[in-house]
file data_24.cif (mmCIF, C-alpha atoms)
data_final
#
loop_
_atom_site.label_atom_id
_atom_site.label_comp_id
_atom_site.auth_asym_id
_atom_site.auth_seq_id
_atom_site.Cartn_x
_atom_site.Cartn_y
_atom_site.Cartn_z
CA GLU A 1 -4.13 3.38 -16.22
CA ARG A 2 -1.40 4.74 -13.99
CA ASN A 3 -1.40 3.36 -10.43
CA ARG A 4 -2.42 5.98 -7.90
CA ILE A 5 -0.98 6.37 -4.41
CA ASN A 6 -3.51 7.71 -1.92
CA PRO A 7 -2.63 10.23 0.84
CA GLY A 8 -2.90 7.57 3.51
CA GLN A 9 -0.17 5.51 1.87
CA VAL A 10 2.05 8.59 1.57
CA ALA A 11 1.54 9.32 5.27
CA GLN A 12 2.49 5.75 6.20
CA VAL A 13 5.68 5.90 4.15
CA TYR A 14 6.60 9.29 5.61
CA GLU A 15 5.99 8.09 9.17
CA ALA A 16 8.14 5.01 8.58
CA TYR A 17 10.88 7.15 7.04
CA GLU A 18 10.94 9.54 10.01
CA SER A 19 10.95 6.61 12.43
CA LEU A 20 13.92 5.03 10.65
CA LYS A 21 15.85 8.32 10.81
CA ARG A 22 15.29 8.49 14.56
CA GLN A 23 16.43 4.89 15.00
CA GLU A 24 19.58 5.47 12.94
CA ARG A 25 20.18 8.90 14.54
CA THR A 26 20.54 10.51 11.12
CA ILE A 27 19.18 13.61 9.38
CA ASP A 28 18.51 14.32 5.72
CA PHE A 29 18.99 17.46 3.66
CA GLU A 30 15.58 18.89 4.56
CA ASP A 31 16.47 18.45 8.23
CA VAL A 32 19.69 20.38 7.65
CA LEU A 33 17.66 23.28 6.27
CA LEU A 34 15.08 23.11 9.07
CA LEU A 35 17.63 22.89 11.86
CA THR A 36 19.86 25.61 10.44
CA THR A 37 16.89 27.94 10.02
CA ALA A 38 15.69 27.25 13.57
CA MET A 39 19.17 27.76 14.98
CA ILE A 40 19.55 31.18 13.35
CA GLU A 41 16.03 32.29 14.22
CA GLU A 42 16.04 31.14 17.84
CA GLU A 43 19.65 31.44 18.99
CA ARG A 44 20.70 35.10 19.20
CA GLU A 45 24.42 34.35 19.50
CA VAL A 46 24.35 32.19 16.38
CA ARG A 47 22.26 34.74 14.50
CA GLU A 48 24.62 37.61 15.34
CA ARG A 49 27.66 35.56 14.39
CA VAL A 50 26.14 34.59 11.04
CA HIS A 51 25.02 38.15 10.27
CA ASP A 52 28.48 39.45 11.12
CA GLN A 53 30.33 36.84 9.07
CA TYR A 54 28.15 36.76 5.94
CA ARG A 55 27.38 40.21 4.56
CA PHE A 56 26.58 39.77 0.87
CA PHE A 57 24.48 37.10 -0.82
CA THR A 58 24.25 35.93 -4.44
CA ILE A 59 21.69 33.22 -5.21
CA ASP A 60 21.61 31.47 -8.58
CA GLU A 61 18.66 29.47 -9.96
CA TYR A 62 16.39 31.52 -7.71
CA GLN A 63 13.29 30.28 -9.55
CA ASP A 64 13.86 26.87 -7.94
CA VAL A 65 13.87 28.08 -4.31
CA SER A 66 11.41 26.37 -1.98
CA PRO A 67 9.54 28.11 0.89
CA LEU A 68 11.88 26.44 3.40
CA GLN A 69 14.97 27.58 1.51
CA GLN A 70 13.54 31.10 1.32
CA ARG A 71 12.98 31.10 5.06
CA LEU A 72 16.64 30.16 5.57
CA ILE A 73 17.67 32.96 3.19
CA ASN A 74 15.56 35.39 5.20
CA ALA A 75 17.24 34.22 8.42
CA TRP A 76 20.69 34.64 6.91
CA LEU A 77 19.90 38.06 5.49
CA GLY A 78 18.07 39.57 8.44
CA ASN A 79 17.03 43.19 7.82
CA ARG A 80 19.77 43.86 5.27
CA GLN A 81 19.34 44.34 1.53
CA GLU A 82 22.74 43.16 0.24
CA ILE A 83 21.38 40.40 -1.96
CA CYS A 84 21.58 39.54 -5.66
CA VAL A 85 19.41 36.84 -7.22
CA VAL A 86 19.51 35.29 -10.68
CA GLY A 87 16.73 33.22 -12.19
CA ASP A 88 14.35 32.42 -15.02
CA PRO A 89 10.69 31.59 -14.22
CA ALA A 90 10.48 29.61 -17.48
CA GLN A 91 12.98 27.12 -16.06
CA THR A 92 11.22 26.21 -12.81
CA ILE A 93 11.48 22.42 -13.05
CA TYR A 94 11.60 21.30 -9.43
CA SER A 95 8.05 21.99 -8.29
CA PHE A 96 7.83 18.40 -7.04
CA ALA A 97 10.48 19.37 -4.47
CA GLY A 98 8.60 22.50 -3.41
CA ALA A 99 10.30 24.94 -5.78
CA THR A 100 8.30 28.00 -6.81
CA PRO A 101 9.11 31.10 -8.91
CA VAL A 102 6.94 33.24 -6.59
CA PHE A 103 9.95 34.55 -4.67
CA LEU A 104 11.69 35.56 -7.90
CA ASN A 105 8.61 37.17 -9.39
CA ASN A 106 7.89 39.11 -6.18
CA PHE A 107 11.48 40.11 -5.48
CA THR A 108 10.95 43.77 -6.40
CA HIS A 109 7.90 43.92 -4.12
CA ARG A 110 10.07 43.03 -1.17
CA PHE A 111 13.00 45.13 -2.38
CA PRO A 112 11.46 48.10 -4.28
CA GLU A 113 14.86 49.71 -4.81
CA ALA A 114 16.38 46.60 -6.40
CA GLN A 115 18.03 47.08 -9.78
CA VAL A 116 16.56 44.67 -12.35
CA ILE A 117 18.73 43.57 -15.28
CA ARG A 118 16.83 41.60 -17.92
CA LEU A 119 18.97 39.25 -19.98
CA THR A 120 17.15 38.88 -23.28
CA THR A 121 19.93 38.12 -25.78
CA GLY A 122 20.43 34.48 -26.73
CA TYR A 123 24.11 33.73 -27.29
CA ARG A 124 23.80 29.93 -27.46
CA SER A 125 21.38 28.89 -30.17
CA THR A 126 20.51 29.68 -33.77
CA PRO A 127 17.54 31.98 -34.49
CA GLU A 128 15.54 28.95 -35.62
CA ILE A 129 15.97 27.16 -32.29
CA ILE A 130 15.33 30.35 -30.33
CA SER A 131 12.17 30.97 -32.36
CA THR A 132 10.95 27.52 -31.32
CA ALA A 133 11.76 28.29 -27.69
CA ASN A 134 9.94 31.64 -27.91
CA SER A 135 6.83 29.88 -29.23
CA VAL A 136 6.86 27.68 -26.12
CA LEU A 137 7.26 30.76 -23.92
CA ARG A 138 4.29 32.45 -25.56
CA SER A 139 2.03 29.41 -25.39
CA GLY A 140 2.58 29.03 -21.67
CA ALA A 141 2.86 32.75 -20.82
CA MET A 142 6.18 31.79 -19.25
CA GLY A 143 8.08 35.05 -19.41
CA GLN A 144 10.49 37.18 -21.40
CA GLU A 145 11.22 36.11 -24.98
CA ILE A 146 14.80 35.82 -26.24
CA VAL A 147 16.44 37.78 -29.06
CA ALA A 148 18.72 35.65 -31.25
CA LEU A 149 22.25 36.87 -31.92
CA ASN A 150 23.88 33.95 -33.75
CA PRO A 151 23.84 33.23 -37.53
CA HIS A 152 20.89 31.35 -39.00
CA GLY A 153 20.80 27.56 -39.14
CA ASN A 154 18.40 24.74 -39.93
CA LYS A 155 14.89 24.55 -38.54
CA PRO A 156 14.42 21.93 -35.79
CA GLU A 157 13.49 18.53 -37.20
CA VAL A 158 10.57 16.39 -36.03
CA THR A 159 10.44 12.63 -36.73
CA GLN A 160 7.59 10.21 -36.05
CA TYR A 161 8.28 6.58 -35.08
CA LYS A 162 5.88 3.70 -34.61
CA ASP A 163 7.28 2.60 -31.24
CA GLU A 164 10.12 3.13 -28.76
CA ALA A 165 12.35 0.49 -30.34
CA SER A 166 12.25 2.14 -33.76
CA GLU A 167 12.78 5.57 -32.18
CA VAL A 168 15.88 4.40 -30.33
CA ALA A 169 17.20 2.65 -33.44
CA GLY A 170 16.65 5.79 -35.50
CA VAL A 171 18.51 8.00 -33.03
CA VAL A 172 21.41 5.53 -32.80
CA GLN A 173 21.74 5.48 -36.59
CA SER A 174 21.67 9.29 -36.68
CA ILE A 175 24.49 9.45 -34.11
CA ILE A 176 26.56 7.00 -36.14
CA ALA A 177 25.95 9.07 -39.29
CA MET A 178 26.95 12.30 -37.53
CA THR A 179 30.18 10.97 -36.08
CA SER A 180 31.11 9.41 -39.42
CA THR A 181 31.05 12.89 -40.98
CA GLY A 182 33.49 14.24 -38.42
CA ILE A 183 31.11 15.65 -35.80
CA ALA A 184 32.73 15.22 -32.39
CA ALA A 185 30.92 12.73 -30.17
CA GLN A 186 31.10 15.08 -27.18
CA ASP A 187 29.05 17.62 -29.16
CA ILE A 188 26.08 15.22 -29.30
CA ALA A 189 23.47 14.70 -26.58
CA VAL A 190 20.26 12.70 -26.35
CA LEU A 191 17.77 14.07 -23.82
CA ALA A 192 14.80 12.23 -22.36
CA ARG A 193 12.11 12.77 -19.74
CA THR A 194 12.82 9.63 -17.69
CA ASN A 195 15.70 7.42 -16.60
CA ALA A 196 13.89 4.41 -18.08
CA GLN A 197 14.19 5.95 -21.56
CA LEU A 198 17.92 6.49 -21.01
CA ASN A 199 18.40 2.88 -19.91
CA THR A 200 16.90 1.62 -23.17
CA LEU A 201 19.02 4.03 -25.18
CA ALA A 202 22.19 3.13 -23.27
CA ARG A 203 21.73 -0.55 -24.11
CA ALA A 204 21.27 0.32 -27.78
CA CYS A 205 24.39 2.51 -27.79
CA ALA A 206 26.41 -0.25 -26.16
CA ALA A 207 25.16 -2.76 -28.74
CA ALA A 208 26.13 -0.37 -31.55
CA GLN A 209 29.52 0.27 -29.89
CA ILE A 210 28.79 3.97 -29.45
CA PRO A 211 30.80 5.32 -26.48
CA TYR A 212 28.50 7.26 -24.17
CA GLN A 213 28.11 8.68 -20.69
CA VAL A 214 24.87 8.96 -18.72
CA ARG A 215 23.91 12.08 -16.79
CA ASN A 216 20.93 11.84 -14.48
CA ASN A 217 19.93 13.20 -11.09
CA GLU A 218 22.07 10.63 -9.29
CA ARG A 219 25.41 12.05 -8.18
CA PHE A 220 28.27 10.34 -10.03
CA PHE A 221 30.27 9.40 -6.94
CA GLU A 222 27.16 7.99 -5.22
CA ARG A 223 26.56 5.41 -7.95
CA THR A 224 26.89 1.84 -6.69
CA ASP A 225 29.40 0.80 -9.36
CA VAL A 226 31.58 3.86 -8.73
CA ARG A 227 31.51 3.40 -4.94
CA ASP A 228 32.43 -0.29 -5.27
CA PHE A 229 35.24 0.56 -7.70
CA LEU A 230 36.67 3.12 -5.25
CA LYS A 231 36.56 0.52 -2.46
CA GLU A 232 38.69 -1.82 -4.57
CA ILE A 233 41.14 0.99 -5.38
CA ARG A 234 41.38 1.88 -1.69
CA ARG A 235 42.06 -1.74 -0.78
CA ALA A 236 44.70 -2.15 -3.49
CA SER A 237 46.42 1.13 -2.65
CA VAL A 238 47.38 -0.11 0.82
CA ILE A 239 49.89 -2.66 -0.52
CA PRO A 240 50.46 -2.02 -4.28
CA THR A 241 51.52 -4.96 -6.44
CA GLU A 242 55.27 -4.95 -6.98
CA GLY A 243 56.64 -4.70 -10.50
CA VAL A 244 53.37 -3.37 -11.93
CA THR A 245 52.61 0.25 -12.82
CA TRP A 246 49.72 1.88 -10.98
CA LEU A 247 47.80 2.26 -14.27
CA ASP A 248 48.18 -1.42 -15.17
CA GLU A 249 47.04 -2.39 -11.70
CA LEU A 250 44.04 -0.07 -12.08
CA ARG A 251 43.17 -1.75 -15.39
CA THR A 252 43.17 -5.10 -13.62
CA ILE A 253 40.92 -3.75 -10.87
CA SER A 254 38.50 -2.34 -13.46
CA GLN A 255 37.98 -5.56 -15.43
CA PRO A 256 35.07 -6.95 -13.36
CA PHE A 257 33.35 -3.56 -13.51
CA ILE A 258 33.38 -3.07 -17.28
CA SER A 259 31.61 -6.28 -18.21
CA GLY A 260 28.11 -5.29 -17.09
CA GLU A 261 25.38 -3.23 -18.75
CA SER A 262 26.29 0.13 -17.21
CA THR A 263 30.00 0.74 -17.83
CA ASP A 264 30.14 4.46 -18.56
CA GLY A 265 31.08 5.46 -15.00
CA ILE A 266 34.11 3.15 -14.77
CA THR A 267 35.12 4.02 -18.32
CA ALA A 268 35.13 7.70 -17.37
CA LEU A 269 37.31 6.98 -14.34
CA MET A 270 39.76 5.02 -16.49
CA HIS A 271 39.85 7.84 -19.03
CA LEU A 272 40.70 10.25 -16.21
CA ALA A 273 43.45 7.89 -15.00
CA ARG A 274 45.10 7.86 -18.42
CA GLU A 275 44.97 11.65 -18.59
CA LEU A 276 46.52 11.96 -15.13
CA ASP A 277 49.25 9.43 -15.93
CA ALA A 278 50.30 11.61 -18.88
CA ASP A 279 50.34 14.73 -16.71
CA ALA A 280 53.80 15.56 -15.33
CA ALA A 281 52.19 17.39 -12.40
CA PHE A 282 50.49 14.18 -11.24
CA THR A 283 53.03 12.89 -8.72
CA PRO A 284 53.74 10.50 -7.27
CA LYS A 285 52.12 8.26 -9.85
CA THR A 286 50.45 5.79 -7.52
CA LEU A 287 47.00 4.40 -6.76
CA ARG A 288 47.04 6.40 -3.52
CA THR A 289 47.52 9.69 -5.41
CA TYR A 290 44.78 8.74 -7.86
CA LEU A 291 42.47 7.87 -4.96
CA ARG A 292 43.08 11.28 -3.37
CA GLU A 293 42.18 12.93 -6.69
CA LEU A 294 38.90 11.02 -6.81
CA GLU A 295 38.11 11.82 -3.18
CA ASP A 296 38.69 15.52 -3.86
CA ARG A 297 36.42 15.34 -6.90
CA ALA A 298 33.73 13.54 -4.91
CA GLU A 299 33.82 16.23 -2.25
CA GLN A 300 33.47 18.95 -4.91
CA ASN A 301 30.88 16.96 -6.93
CA ASN A 302 33.22 17.20 -9.93
CA PRO A 303 32.80 13.98 -11.95
CA PRO A 304 35.16 13.14 -14.81
CA VAL A 305 33.96 13.76 -18.34
CA MET A 306 34.80 11.96 -21.56
CA PRO A 307 34.80 12.90 -25.24
CA VAL A 308 31.70 10.78 -25.87
CA THR A 309 27.99 11.17 -26.58
CA THR A 310 25.92 12.25 -23.58
CA LEU A 311 22.62 10.63 -22.57
CA ALA A 312 20.81 12.83 -20.06
CA THR A 313 17.47 13.39 -18.41
CA LEU A 314 15.98 16.84 -18.98
CA HIS A 315 16.51 17.66 -15.31
CA ALA A 316 20.20 16.69 -15.48
CA ALA A 317 20.69 18.66 -18.72
CA LYS A 318 19.80 21.95 -17.02
CA GLY A 319 22.67 24.41 -17.38
CA LEU A 320 24.44 22.39 -20.10
CA GLU A 321 24.62 22.76 -23.89
CA TRP A 322 25.63 20.80 -26.97
CA GLU A 323 25.93 21.48 -30.69
CA GLN A 324 23.65 18.57 -31.60
CA VAL A 325 20.67 17.64 -29.44
CA PHE A 326 18.14 14.82 -29.84
CA LEU A 327 15.02 15.21 -27.70
CA ILE A 328 13.21 11.87 -27.67
CA GLY A 329 9.81 10.70 -26.45
CA VAL A 330 8.01 13.98 -27.16
CA ASN A 331 4.61 12.33 -27.04
CA GLU A 332 1.55 12.49 -24.82
CA GLY A 333 2.00 10.27 -21.79
CA THR A 334 5.75 10.88 -21.67
CA LEU A 335 6.17 14.62 -22.17
CA PRO A 336 3.84 15.62 -20.58
CA THR A 337 3.56 12.59 -18.35
CA HIS A 338 -0.07 13.40 -17.38
CA GLU A 339 -2.52 16.30 -17.28
CA SER A 340 -1.55 17.53 -13.83
CA ALA A 341 2.09 17.86 -14.96
CA VAL A 342 1.51 19.90 -18.12
CA GLU A 343 2.83 23.23 -16.80
CA GLU A 344 5.95 21.71 -15.26
CA ASP A 345 6.66 19.49 -18.25
CA ARG A 346 6.22 22.43 -20.62
CA ARG A 347 9.05 24.14 -18.76
CA LEU A 348 11.09 20.93 -19.00
CA PHE A 349 10.43 20.86 -22.73
CA TYR A 350 11.63 24.46 -22.96
CA VAL A 351 14.82 23.54 -21.09
CA GLY A 352 15.41 20.67 -23.53
CA VAL A 353 14.91 22.83 -26.61
CA THR A 354 17.30 25.50 -25.35
CA ARG A 355 20.17 23.02 -24.76
CA ALA A 356 20.89 22.91 -28.53
CA ARG A 357 23.30 25.28 -30.23
CA THR A 358 22.94 24.46 -33.95
CA HIS A 359 20.96 21.25 -34.47
CA LEU A 360 17.78 20.14 -32.72
CA ALA A 361 16.00 16.90 -33.60
CA LEU A 362 12.78 15.96 -31.82
CA SER A 363 10.99 12.64 -32.09
CA TYR A 364 7.77 11.06 -30.94
CA ARG A 365 5.86 7.81 -31.28
CA GLN A 366 2.13 7.38 -31.80
CA ASN A 367 0.46 10.45 -30.24
CA PRO A 368 2.63 13.59 -30.57
CA SER A 369 2.95 15.91 -27.59
CA ARG A 370 0.89 19.10 -27.54
CA PHE A 371 4.18 20.90 -26.99
CA LEU A 372 5.24 20.21 -30.58
CA ARG A 373 2.19 22.11 -31.83
CA GLU A 374 2.69 24.91 -29.31
CA ALA A 375 6.27 25.22 -30.56
CA GLY A 376 5.06 25.56 -34.15
CA LEU A 377 6.75 22.32 -35.20
CA LEU A 378 3.52 20.44 -36.05
CA THR A 379 0.50 21.94 -37.72
CA SER A 380 -2.02 19.17 -37.17
#

call {"tool": "encode", "arguments": {"input": "data_24.cif", "output": "structure tokens"}}
result
Amino acid sequence: ERNRINPGQVAQVYEAYESLKRQERTIDFEDVLLLTTAMIEEEREVRERVHDQYRFFTIDEYQDVSPLQQRLINAWLGNRQEICVVGDPAQTIYSFAGATPVFLNNFTHRFPEAQVIRLTTGYRSTPEIISTANSVLRSGAMGQEIVALNPHGNKPEVTQYKDEASEVAGVVQSIIAMTSTGIAAQDIAVLARTNAQLNTLARACAAAQIPYQVRNNERFFERTDVRDFLKEIRRASVIPTEGVTWLDELRTISQPFISGESTDGITALMHLARELDADAAFTPKTLRTYLRELEDRAEQNNPPVMPVTTLATLHAAKGLEWEQVFLIGVNEGTLPTHESAVEEDRRLFYVGVTRARTHLALSYRQNPSRFLREAGLLTS
């Protein structure tokens, strides 16, 4: 049985966390929202300056706004009505962070004169995949169904495995088979509910010599291996080695980092370096110039990408798409994780299904998820 954390333990952790912030004289993202909201609400000079400077607002992913974020939006907006919001209640997947679709669903109550544009045409997926997604929408009363526009394709496939090891092995073999027929590796993604599932899959891909990159909720440039690699580049860029090209020196720096289990981050940075070295506009060709490029990308949260298979959590896959998608671990206890998470995980399942353009393969082990039946993919 899953270990339970009682409210008292949560309160102790929270109190310790707040105490540590005070000791370190730091604030977190929630504090930024709280303090900014308070500053606009309580300081007239600040409020007037903000209202004068920012006149029009467009908010994407509005279904994932929290009450605190909405309060900040209200403070920014004031009594004006120059606001445009975009969202899909069926894709509310951050309830654990306070997100709620209430503000999206009630938008026309607050702004009765708002123009509502419903986007109901599906330009990404085949009718078969969209039909599966619509079945999920209907089962959960999650909102507007989608009308398929693309040509027909194959029905989504469902495969049963006896355990996680056989499931991972089956997916790895399917990826190998796909790429051997000419399907581009970057058109393939494997999606999972948890990071632990991705870790197991990443090890199997590495063992099978399948190039891959991992996408999860951790920002690329905040990864420990990436940060340590940048430190070494920064150190080496101060006094470059004479008689050695910057790319060869970078290869030498990277060697200790590409011998561990998780190498996709450094591999992506090396791939970017080779691309930049071949670019005439990349001048001067030095470690210092490369470091500035990485620092700019870190500031913009713009990680490098590679022409390889993607392994991603369902949360990290939001907003992305691939031709071929494997959705693994679609079994009770994983998706959904537990009874209290059914509604949220159903929306996550919907997000996973709608990442696929032409091919969708779902798999489970032992007890299949109720979502497979709701989607019309299992009859018993």

call {"tool": "closest_residue", "arguments": {"input": "data_24.cif", "among": "A:Ala148, A:Val308, A:Ala361, A:Leu191", "to": "Thr267 in chain A", "atoms": "only C-alpha atoms"}}
result
A:Val308

call {"tool": "closest_atom_pairs", "arguments": {"input": "data_24.cif", "of": "range 109-152 of chain A", "to": "range 156-160 of chain A", "cutoff": "8 Å", "atoms": "only C-alpha atoms", "output": "tab-separated table"}}
result
residue	atom	partner	partner_atom	distance
A:Glu128	CA	A:Pro156	CA	7.1
A:Ile129	CA	A:Pro156	CA	6.5
A:Thr132	CA	A:Pro156	CA	8.0

call {"tool": "atom_distance", "arguments": {"input": "data_24.cif", "atom1": "CA of Asn302 in chain A", "atom2": "CA of Gln213 in chain A"}}
result
14.6 Å

call {"tool": "closest_residue", "arguments": {"input": "data_24.cif", "among": "A:Ile239, A:Ala204, A:Leu33, A:Ala97", "to": "Ile176 in chain A", "atoms": "all atoms listed in the file"}}
result
A:Ala204

call {"tool": "closest_residue", "arguments": {"input": "data_24.cif", "among": "A:Ile328, A:Ala356, A:Glu339, A:Val214", "to": "Tyr161 in chain A", "atoms": "all atoms listed in the file"}}
result
A:Ile328

call {"tool": "resolve_selection", "arguments": {"input": "data_24.cif", "expression": "the PyMOL selection byres ((chain A and resi 253) around 12)", "output": "list of chain:residue names"}}
result
A:Asp228, A:Phe229, A:Leu230, A:Lys231, A:Glu232, A:Ile233, A:Arg234, A:Arg235, A:Ala236, A:Ser237, A:Pro240, A:Thr241, A:Trp246, A:Leu247, A:Asp248, A:Glu249, A:Leu250, A:Arg251, A:Thr252, A:Ser254, A:Gln255, A:Pro256, A:Phe257, A:Ile258, A:Ile266, A:Leu269, A:Met270, A:Leu287

call {"tool": "closest_atom_pairs", "arguments": {"input": "data_24.cif", "of": "range 125-218 of chain A", "to": "range 73-95 of chain A", "cutoff": "10 Å", "atoms": "all atoms listed in the file", "output": "tab-separated table"}}
result
residue	atom	partner	partner_atom	distance
A:Val136	CA	A:Ala90	CA	9.6
A:Leu137	CA	A:Ala90	CA	7.3
A:Gly140	CA	A:Ala90	CA	9.0
A:Ala141	CA	A:Ala90	CA	8.9
A:Met142	CA	A:Ala90	CA	5.1
A:Gly143	CA	A:Ala90	CA	6.3
A:Gln144	CA	A:Ala90	CA	8.5
A:Glu145	CA	A:Ala90	CA	10.0

call {"tool": "atom_distance", "arguments": {"input": "data_24.cif", "atom1": "CA of Asp187 in chain A", "atom2": "CA of Val305 in chain A"}}
result
12.5 Å

call {"tool": "atom_distance", "arguments": {"input": "data_24.cif", "atom1": "CA of Gly122 in chain A", "atom2": "CA of Ile146 in chain A"}}
result
5.8 Å

call {"tool": "closest_residue", "arguments": {"input": "data_24.cif", "among": "A:Asp225, A:Glu275, A:Asp264, A:Glu332", "to": "Thr309 in chain A", "atoms": "all atoms listed in the file"}}
result
A:Asp264

call {"tool": "resolve_selection", "arguments": {"input": "data_24.cif", "expression": "the PyMOL selection byres ((chain A and resi 218) around 12)", "output": "list in words"}}
result
Asn195, Val214, Arg215, Asn216, Asn217, Arg219, Phe220, Phe221, Glu222, Arg223, Thr224, Val226, Gly265, Asn301, Pro303, Ala312, Thr313, His315 and Ala316 of chain A

call {"tool": "build_atoms", "arguments": {"input": "data_24.cif", "residues": "range 322-333 of chain A", "atoms": "N, CA and C atoms", "output": "short mmCIF file (atom, residue, chain, number, x, y, z; two decimals), keeping the file's coordinate frame"}}
result
data_model
loop_
_atom_site.label_atom_id
_atom_site.label_comp_id
_atom_site.auth_asym_id
_atom_site.auth_seq_id
_atom_site.Cartn_x
_atom_site.Cartn_y
_atom_site.Cartn_z
N TRP A 322 24.93 21.60 -25.97
CA TRP A 322 25.63 20.80 -26.97
C TRP A 322 25.31 21.35 -28.35
N GLU A 323 26.18 21.06 -29.31
CA GLU A 323 25.93 21.48 -30.69
C GLU A 323 24.72 20.74 -31.26
N GLN A 324 24.68 19.42 -31.03
CA GLN A 324 23.65 18.57 -31.60
C GLN A 324 22.82 17.95 -30.47
N VAL A 325 21.53 18.17 -30.50
CA VAL A 325 20.67 17.64 -29.44
C VAL A 325 19.51 16.85 -30.04
N PHE A 326 19.32 15.63 -29.53
CA PHE A 326 18.14 14.82 -29.84
C PHE A 326 17.24 14.84 -28.61
N LEU A 327 16.00 15.23 -28.79
CA LEU A 327 15.02 15.21 -27.70
C LEU A 327 13.99 14.15 -28.05
N ILE A 328 14.02 13.02 -27.31
CA ILE A 328 13.21 11.87 -27.67
C ILE A 328 11.97 11.76 -26.78
N GLY A 329 11.01 10.96 -27.25
CA GLY A 329 9.81 10.70 -26.45
C GLY A 329 8.92 11.92 -26.26
N VAL A 330 8.85 12.78 -27.28
CA VAL A 330 8.01 13.98 -27.16
C VAL A 330 6.60 13.62 -27.57
N ASN A 331 5.97 12.78 -26.75
CA ASN A 331 4.61 12.33 -27.04
C ASN A 331 3.77 12.40 -25.77
N GLU A 332 2.47 12.46 -25.96
CA GLU A 332 1.55 12.49 -24.82
C GLU A 332 1.75 11.22 -23.98
N GLY A 333 1.76 11.39 -22.68
CA GLY A 333 2.00 10.27 -21.79
C GLY A 333 3.44 10.16 -21.34
#
